[in-house]
>>> print(open('structure.txt').read())   # compact mmCIF, C-alpha atoms and all ligand atoms
# COMPACT_ATOMS: atom_id res chain seq x y z
CA MET A 1 0.00 0.00 0.00
CA ILE A 2 2.71 2.43 0.95
CA LEU A 3 4.63 1.47 -2.16
CA ALA A 4 1.60 2.00 -4.37
CA LEU A 5 0.98 5.40 -2.83
CA SER A 6 4.50 6.66 -3.27
CA ALA A 7 4.68 5.27 -6.79
CA SER A 8 1.53 7.12 -7.81
CA GLY A 9 2.62 10.24 -5.92
CA CYS A 10 4.95 11.17 -8.80
CA GLY A 11 6.90 13.49 -6.48
CA ARG A 12 3.93 15.79 -5.91
CA GLY A 13 5.30 16.40 -2.40
CA GLU A 14 8.02 18.40 -4.13
CA GLU A 15 5.57 21.08 -5.19
CA PRO A 16 5.48 23.98 -2.75
CA ASP A 17 2.14 24.71 -1.08
CA LEU A 18 1.53 28.37 -1.91
CA ILE A 19 -1.55 28.61 0.32
CA ASN A 20 0.49 27.51 3.31
CA GLY A 21 3.26 29.88 2.22
CA LYS A 22 0.95 32.86 2.07
CA ALA A 23 -0.74 32.01 5.39
CA LEU A 24 2.65 31.81 7.09
CA PHE A 25 3.86 35.03 5.44
CA ILE A 26 0.83 36.94 6.71
CA GLY A 27 0.25 35.25 10.03
CA LYS A 28 2.35 33.13 12.31
CA GLY A 29 5.58 33.76 10.36
CA THR A 30 4.98 37.49 10.70
CA CYS A 31 7.11 38.27 7.63
CA GLY A 32 4.35 40.70 6.69
CA ALA A 33 4.80 42.61 9.92
CA CYS A 34 8.18 43.79 8.59
CA HIS A 35 7.81 43.61 4.81
CA VAL A 36 5.59 45.13 2.13
CA LEU A 37 4.28 42.49 -0.29
CA SER A 38 1.25 43.89 -2.06
CA ARG A 39 -0.32 40.61 -3.18
CA ALA A 40 -0.25 39.41 0.43
CA GLY A 41 -1.69 42.77 1.55
CA THR A 42 1.12 43.34 4.04
CA LYS A 43 2.59 46.76 4.77
CA GLY A 44 5.32 46.20 7.33
CA ASN A 45 8.13 48.72 7.04
CA ARG A 46 10.95 47.39 9.22
CA GLY A 47 12.53 45.43 6.37
CA PRO A 48 12.90 46.04 2.62
CA ASP A 49 9.81 46.23 0.40
CA LEU A 50 9.80 42.78 -1.22
CA ASP A 51 7.92 43.97 -4.32
CA GLN A 52 10.76 46.42 -4.94
CA ALA A 53 13.43 43.91 -3.96
CA PHE A 54 12.32 41.18 -6.37
CA GLY A 55 9.86 42.66 -8.87
CA PRO A 56 12.54 44.14 -11.19
CA ALA A 57 14.50 40.87 -11.20
CA ARG A 58 11.35 38.90 -12.07
CA ASN A 59 10.57 41.34 -14.85
CA VAL A 60 13.97 40.93 -16.50
CA GLY A 61 13.32 37.21 -16.59
CA LEU A 62 14.96 35.92 -13.44
CA GLY A 63 13.03 32.73 -12.81
CA GLU A 64 10.71 32.14 -9.90
CA LYS A 65 12.93 29.29 -8.72
CA THR A 66 15.96 31.58 -8.52
CA VAL A 67 14.05 34.20 -6.54
CA ALA A 68 12.62 31.51 -4.26
CA GLY A 69 16.16 30.31 -3.61
CA VAL A 70 17.27 33.82 -2.61
CA VAL A 71 14.31 34.22 -0.26
CA GLN A 72 14.82 30.82 1.33
CA GLU A 73 18.49 31.60 1.85
CA GLN A 74 17.61 34.91 3.53
CA ILE A 75 15.24 33.12 5.94
CA ALA A 76 17.91 30.62 7.01
CA LEU A 77 21.08 32.72 6.75
CA VAL A 78 20.05 36.12 8.06
CA ARG A 79 23.13 38.28 8.49
CA ARG A 80 24.47 38.75 11.97
CA ASN A 81 22.79 41.55 13.98
CA SER A 82 19.87 41.77 11.58
CA THR A 83 16.52 42.59 13.16
CA MET A 84 15.06 39.82 10.99
CA PRO A 85 14.79 36.75 13.22
CA LYS A 86 16.59 33.68 11.81
CA ASP A 87 14.60 30.56 10.90
CA LEU A 88 11.17 32.09 11.50
CA VAL A 89 9.95 29.27 9.32
CA THR A 90 11.89 26.10 8.51
CA GLY A 91 11.83 23.04 6.24
CA GLU A 92 8.82 22.77 3.94
CA ASP A 93 7.27 25.86 5.51
CA ALA A 94 10.31 27.93 4.51
CA ARG A 95 10.14 26.47 1.00
CA ASP A 96 6.42 27.34 0.79
CA VAL A 97 6.91 30.93 2.01
CA ALA A 98 9.81 31.44 -0.41
CA ALA A 99 7.81 30.02 -3.33
CA TYR A 100 4.88 32.29 -2.55
CA VAL A 101 7.07 35.41 -2.31
CA ALA A 102 8.82 34.46 -5.56
CA GLN A 103 5.52 33.98 -7.38
CA VAL A 104 3.91 37.26 -6.32
CA ALA A 105 6.68 39.82 -5.66
CA GLY A 106 6.23 42.85 -7.86
CA GLN A 107 3.33 41.24 -9.73
CA PRO A 108 0.26 43.35 -10.47
CA GLY A 109 -3.28 42.17 -9.75
CA LYS A 110 -4.67 40.09 -6.94
CA ASP A 111 -4.29 36.52 -5.75
CA GLN A 112 -7.04 34.31 -7.16
CA GLY A 113 -9.03 31.34 -5.96
CA ALA A 114 -8.13 29.62 -2.70
CA LEU A 115 -4.99 31.72 -2.49
CA ALA A 116 -7.08 34.91 -2.22
CA ASN A 117 -8.29 34.12 1.30
CA ALA A 118 -5.26 32.23 2.59
CA GLY A 119 -4.21 33.38 6.01
CA ALA A 120 -6.85 36.10 6.24
CA PRO A 121 -7.27 36.97 9.90
CA LYS A 122 -10.52 35.99 11.56
CA VAL A 123 -12.11 39.36 12.11
CA SER A 124 -15.68 39.70 13.29
CA ASN A 125 -18.10 42.35 12.14
CA LYS A 126 -20.10 41.85 15.31
CA PRO A 127 -19.47 44.87 17.53
CA ILE A 128 -17.65 44.36 20.82
CA VAL A 129 -19.74 46.04 23.49
CA ALA A 130 -18.19 47.66 26.57
CA LYS A 131 -19.16 46.09 29.88
CA ALA A 132 -19.20 48.34 32.95
CA GLY A 133 -17.06 50.91 31.11
CA SER A 134 -14.49 48.31 30.06
CA LEU A 135 -13.86 47.61 26.39
CA LYS A 136 -11.82 44.47 25.60
CA ILE A 137 -10.65 44.35 21.99
CA ASP A 138 -7.92 41.72 21.57
CA ALA A 139 -5.28 41.73 18.85
CA ASP A 140 -5.30 38.87 16.33
CA PRO A 141 -3.51 35.98 18.12
CA THR A 142 -1.48 35.00 15.03
CA GLY A 143 0.20 38.39 14.69
CA ALA A 144 -1.86 39.53 11.70
CA LEU A 145 -2.61 43.26 11.52
CA ALA A 146 -6.15 43.01 12.90
CA PHE A 147 -8.22 43.33 16.04
CA ALA A 148 -10.83 40.70 16.95
CA SER A 149 -13.60 42.93 15.54
CA ARG A 150 -13.89 45.93 13.23
CA LYS A 151 -16.59 47.47 15.40
CA ALA A 152 -17.11 48.38 19.04
CA SER A 153 -19.51 50.40 21.12
CA ALA A 154 -19.42 51.97 24.56
CA GLY A 155 -21.42 54.33 26.74
CA ALA A 156 -20.31 57.97 27.06
CA GLY A 157 -17.94 58.71 29.95
CA ALA A 158 -14.77 56.97 31.14
CA VAL A 159 -13.89 53.98 28.96
CA VAL A 160 -11.09 51.55 29.84
CA PHE A 161 -9.56 50.10 26.66
CA GLU A 162 -7.81 46.77 26.96
CA SER A 163 -6.24 44.68 24.19
CA ALA A 164 -4.53 41.34 24.91
CA ASN A 165 -1.87 40.35 22.38
CA LYS A 166 -0.82 36.69 22.35
CA SER A 167 1.39 37.06 19.28
CA ALA A 168 5.09 37.90 19.06
CA VAL A 169 4.38 41.03 16.99
CA PRO A 170 4.17 44.14 19.18
CA HIS A 171 0.78 45.87 19.19
CA ASN A 172 -1.10 48.43 21.23
CA ILE A 173 -4.56 49.91 21.30
CA ALA A 174 -5.32 53.61 20.95
CA VAL A 175 -8.33 55.79 20.23
CA LYS A 176 -8.68 58.67 17.76
CA ASP A 177 -11.53 61.14 17.26
CA SER A 178 -13.30 61.48 13.91
CA GLY A 179 -10.68 64.06 12.84
CA GLY A 180 -7.85 61.58 13.45
CA LYS A 181 -6.58 63.21 16.66
CA LEU A 182 -5.07 60.75 19.13
CA LEU A 183 -7.02 60.83 22.41
CA GLY A 184 -5.36 58.00 24.32
CA GLU A 185 -2.94 55.15 23.77
CA GLY A 186 -1.82 52.03 25.65
CA PRO A 187 1.77 50.69 25.68
CA ASP A 188 3.14 48.33 22.99
CA VAL A 189 2.87 44.74 24.24
CA LYS A 190 3.38 41.17 22.96
CA GLY A 191 3.55 37.58 24.18
CA GLY A 192 0.26 37.56 26.09
CA ALA A 193 0.43 40.99 27.76
CA SER A 194 -2.38 43.54 27.55
CA SER A 195 -2.20 47.13 26.30
CA LYS A 196 -4.46 49.26 28.48
CA PHE A 197 -5.45 52.91 28.98
CA SER A 198 -8.54 54.90 29.77
CA ALA A 199 -10.13 57.91 28.09
CA THR A 200 -13.22 59.98 28.75
CA LEU A 201 -15.34 60.08 25.63
CA ALA A 202 -18.44 62.04 24.69
CA ALA A 203 -21.07 60.51 22.41
CA GLY A 204 -19.87 60.30 18.83
CA LYS A 205 -17.80 58.31 16.31
CA TYR A 206 -14.21 57.31 16.99
CA THR A 207 -11.67 54.86 15.62
CA PHE A 208 -9.65 52.38 17.64
CA VAL A 209 -6.25 51.61 16.11
CA CYS A 210 -2.82 50.12 16.76
CA THR A 211 -0.29 52.96 16.52
CA VAL A 212 2.76 50.74 15.91
CA PRO A 213 4.09 52.16 12.58
CA GLY A 214 2.37 50.60 9.57
CA HIS A 215 -0.26 48.68 11.55
CA GLU A 216 -3.24 51.01 11.25
CA GLU A 217 -2.46 51.40 7.51
CA GLY A 218 -2.25 47.60 7.30
CA GLY A 219 -5.82 47.26 8.58
CA MET A 220 -5.44 47.19 12.35
CA LYS A 221 -8.32 49.53 13.12
CA GLY A 222 -12.05 49.65 13.72
CA GLU A 223 -15.00 51.94 14.37
CA LEU A 224 -16.08 52.85 17.88
CA THR A 225 -19.52 54.27 18.49
CA VAL A 226 -20.03 56.05 21.82
CA LYS A 227 -23.66 56.59 22.84
C1 LIG B 301 11.38 41.80 12.60
C2 LIG B 301 11.30 42.18 11.21
C3 LIG B 301 11.42 41.11 10.13
C4 LIG B 301 10.71 39.94 10.00
C5 LIG B 301 9.67 39.36 10.96
C6 LIG B 301 11.11 39.37 8.75
N1 LIG B 301 12.04 40.16 8.14
FE1 LIG B 301 12.89 39.86 6.31
N2 LIG B 301 14.14 41.44 6.61
C7 LIG B 301 14.08 42.30 7.69
C8 LIG B 301 15.17 43.28 7.56
C9 LIG B 301 15.47 44.39 8.55
C10 LIG B 301 15.85 42.96 6.37
C11 LIG B 301 17.07 43.71 5.77
C12 LIG B 301 18.27 42.85 5.62
C13 LIG B 301 18.78 42.28 6.91
O1 LIG B 301 18.72 42.94 7.96
O2 LIG B 301 19.27 41.13 6.87
C14 LIG B 301 15.16 41.81 5.79
C15 LIG B 301 15.50 41.22 4.57
C16 LIG B 301 14.75 40.26 3.94
C17 LIG B 301 14.97 39.80 2.58
C18 LIG B 301 16.05 40.29 1.64
C19 LIG B 301 15.49 41.44 0.84
C20 LIG B 301 16.50 42.06 -0.09
O3 LIG B 301 16.32 43.24 -0.42
O4 LIG B 301 17.45 41.36 -0.48
C21 LIG B 301 14.02 38.85 2.32
C22 LIG B 301 13.84 38.06 1.06
C23 LIG B 301 13.22 38.71 3.52
N3 LIG B 301 13.68 39.58 4.47
C24 LIG B 301 12.15 37.85 3.64
C25 LIG B 301 11.49 37.61 4.83
C26 LIG B 301 10.54 36.53 5.03
C27 LIG B 301 10.11 35.55 3.96
C28 LIG B 301 10.13 36.60 6.34
C29 LIG B 301 9.20 35.66 7.10
C30 LIG B 301 9.64 34.27 7.17
C31 LIG B 301 10.79 37.76 6.93
N4 LIG B 301 11.60 38.33 5.99
C32 LIG B 301 10.60 38.19 8.23
C33 LIG B 301 13.18 42.27 8.73
C34 LIG B 301 12.26 41.23 8.96
>>> encode(input="structure.txt", output="structure tokens")
Amino acid sequence: MILALSASGCGRGEEPDLINGKALFIGKGTCGACHVLSRAGTKGNRGPDLDQAFGPARNVGLGEKTVAGVVQEQIALVRRNSTMPKDLVTGEDARDVAAYVAQVAGQPGKDQGALANAGAPKVSNKPIVAKAGSLKIDADPTGALAFASRKASAGAGAVVFESANKSAVPHNIAVKDSGGKLLGEGPDVKGGASSKFSATLAAGKYTFVCTVPGHEEGGMKGELTVK
């Protein structure tokens, strides 16, 4: 049976899994927290823009395999003192991430089919409602640039904001008025800690955001209605 299976497998295990690669790039792997890659929708700015790094090479005909090799090498052989953590992903996962980056870097358009939704954070549209003046809006546990919901509501007066962050990517929670003015902000936290602050808010529309550079722009924000 095992023989028959491997004989009919025709080395399909050699093909990288792009869906896994994209999910890791966006989520757990957190590559996207530091790198722009437009097809993946990531806007991190602590490392080089990967569309710019590899798009031109792809366009002059450097093959996907060559680019994938460069990316995979970077993951495993990060230079000393780099802020990019070494071996964030390993083995087949590293191969999958590298193959995904190589396929999409600098390419126009959008990912299609199953790849389109790979790794999308689970964000609810159901508003989170403050209880006894306390509003708990957690960060996405995988490190994606998202809060648990895009909407929240609270009663006018003192509101305590609290956002637990289980991921390794630093996040905070902050509130802005409808003109974009920052009204309050909790500390940057990671690894299970909570970012917390309180603000006194009158009835109206606000946004809650993560003010770590690039995160609000990357989608880490939502609407807060105070009644
Ligand atoms: C904490 C931030 C951070 C994370 C997370 C991160 N990188 Fe990087 N990356 C960097 C920085 C900074 C550089 C610049 C070169 C260096 O420091 O080695 C870089 C360089 C690169 C390069 C080389 C780009 C070039 O211009 O040659 C590639 C490719 C790359 N990263 C891919 C990845 C992938 C894939 C992941 C996820 C597995 C990842 N990075 C995760 C910060 C990060």
>>> atom_distance(input="structure.txt", atom1="atom CA of A:Ala57", atom2="atom CA of A:Thr42")
20.4 Å
>>> residues_near_ligand(input="structure.txt", ligand="ligand LIG 301 (chain B)", cutoff="9 Å", atoms="all atoms listed in the file", output="ChimeraX atom specification")
/A:24-26,28-35,44-50,52-54,67-68,70-75,77-90,93-94,97-98,100-101,169
>>> atom_distance(input="structure.txt", atom1="atom CA of A:Arg150", atom2="atom CA of A:Ser38")
21.6 Å
>>> atom_distance(input="structure.txt", atom1="atom CA of A:Gln103", atom2="atom CA of A:Val36")
14.7 Å
>>> closest_residue(input="structure.txt", among="A:Gly222, A:Pro16, A:Pro108, A:Gly143", to="A:Arg39", atoms="all atoms listed in the file")
A:Pro108
>>> residues_near_point(input="structure.txt", point="(-21.0, 56.9, 30.2)", cutoff="10 Å", atoms="all atoms listed in the file", output="list in words")
Ala132, Gly133, Ala154, Gly155, Ala156, Gly157, Ala158, Val159, Thr200, Leu201, Ala202, Ala203, Val226 and Lys227 of chain A
>>> closest_residue(input="structure.txt", among="A:Gly106, A:Gly219, A:Pro127, A:Gly179", to="A:Ala146", atoms="all atoms listed in the file")
A:Gly219
>>> closest_residue(input="structure.txt", among="A:Lys43, A:Lys190, A:Lys110, A:Lys22", to="A:Glu217", atoms="only C-alpha atoms")
A:Lys43
>>> residues_around(input="structure.txt", residues="A:Phe147", least_positions_apart="4", cutoff="9 Å", atoms="all atoms listed in the file", output="list in words")
Pro121, Lys122, Val123, Ser124, Ile137, Asp138, Ala139, Asp140, Pro141, Ser163, Val209, Cys210, Gly219, Met220, Lys221 and Gly222 of chain A
>>> residues_around(input="structure.txt", residues="stretch 170-178 of chain A", least_positions_apart="5", cutoff="7 Å", atoms="all atoms listed in the file", output="ChimeraX atom specification")
/A:163,165,183-190,195,205-212
>>> build_atoms(input="structure.txt", residues="stretch 137-160 of chain A", atoms="N, CA and C atoms", output="CSV table (one decimal), keeping the file's coordinate frame")
chain,number,residue,atom,x,y,z
A,137,ILE,N,-10.8,44.6,23.4
A,137,ILE,CA,-10.6,44.4,22.0
A,137,ILE,C,-9.3,43.7,21.7
A,138,ASP,N,-9.2,42.4,21.7
A,138,ASP,CA,-7.9,41.7,21.6
A,138,ASP,C,-7.3,41.8,20.2
A,139,ALA,N,-6.0,41.8,20.1
A,139,ALA,CA,-5.3,41.7,18.8
A,139,ALA,C,-5.4,40.3,18.3
A,140,ASP,N,-5.3,40.2,17.0
A,140,ASP,CA,-5.3,38.9,16.3
A,140,ASP,C,-4.2,38.0,16.9
A,141,PRO,N,-4.5,36.8,17.4
A,141,PRO,CA,-3.5,36.0,18.1
A,141,PRO,C,-2.4,35.5,17.2
A,142,THR,N,-2.5,35.5,15.9
A,142,THR,CA,-1.5,35.0,15.0
A,142,THR,C,-0.5,36.1,14.6
A,143,GLY,N,-0.7,37.3,15.1
A,143,GLY,CA,0.2,38.4,14.7
A,143,GLY,C,-0.2,39.1,13.4
A,144,ALA,N,-1.4,38.8,12.9
A,144,ALA,CA,-1.9,39.5,11.7
A,144,ALA,C,-2.2,40.9,12.2
A,145,LEU,N,-2.3,41.9,11.2
A,145,LEU,CA,-2.6,43.3,11.5
A,145,LEU,C,-4.1,43.4,11.6
A,146,ALA,N,-4.7,43.0,12.7
A,146,ALA,CA,-6.2,43.0,12.9
A,146,ALA,C,-6.5,42.9,14.4
A,147,PHE,N,-7.6,43.5,14.7
A,147,PHE,CA,-8.2,43.3,16.0
A,147,PHE,C,-9.3,42.3,15.9
A,148,ALA,N,-9.8,41.8,17.0
A,148,ALA,CA,-10.8,40.7,17.0
A,148,ALA,C,-12.1,41.1,16.2
A,149,SER,N,-12.4,42.4,16.2
A,149,SER,CA,-13.6,42.9,15.5
A,149,SER,C,-13.3,44.3,14.9
A,150,ARG,N,-14.1,44.6,13.9
A,150,ARG,CA,-13.9,45.9,13.2
A,150,ARG,C,-14.8,47.0,13.9
A,151,LYS,N,-15.6,46.5,14.8
A,151,LYS,CA,-16.6,47.5,15.4
A,151,LYS,C,-16.7,47.3,16.9
A,152,ALA,N,-16.9,48.4,17.6
A,152,ALA,CA,-17.1,48.4,19.0
A,152,ALA,C,-18.1,49.5,19.4
A,153,SER,N,-18.7,49.3,20.6
A,153,SER,CA,-19.5,50.4,21.1
A,153,SER,C,-19.4,50.5,22.6
A,154,ALA,N,-19.6,51.7,23.1
A,154,ALA,CA,-19.4,52.0,24.6
A,154,ALA,C,-20.3,53.1,25.0
A,155,GLY,N,-20.6,53.2,26.2
A,155,GLY,CA,-21.4,54.3,26.7
A,155,GLY,C,-20.5,55.5,27.0
A,156,ALA,N,-21.1,56.8,26.9
A,156,ALA,CA,-20.3,58.0,27.1
A,156,ALA,C,-19.8,58.0,28.5
A,157,GLY,N,-18.6,58.6,28.6
A,157,GLY,CA,-17.9,58.7,30.0
A,157,GLY,C,-16.6,58.0,29.9
A,158,ALA,N,-16.1,57.6,31.1
A,158,ALA,CA,-14.8,57.0,31.1
A,158,ALA,C,-14.8,55.6,30.5
A,159,VAL,N,-13.9,55.3,29.6
A,159,VAL,CA,-13.9,54.0,29.0
A,159,VAL,C,-12.5,53.4,29.2
A,160,VAL,N,-12.4,52.2,29.7
A,160,VAL,CA,-11.1,51.6,29.8
A,160,VAL,C,-10.9,50.6,28.6
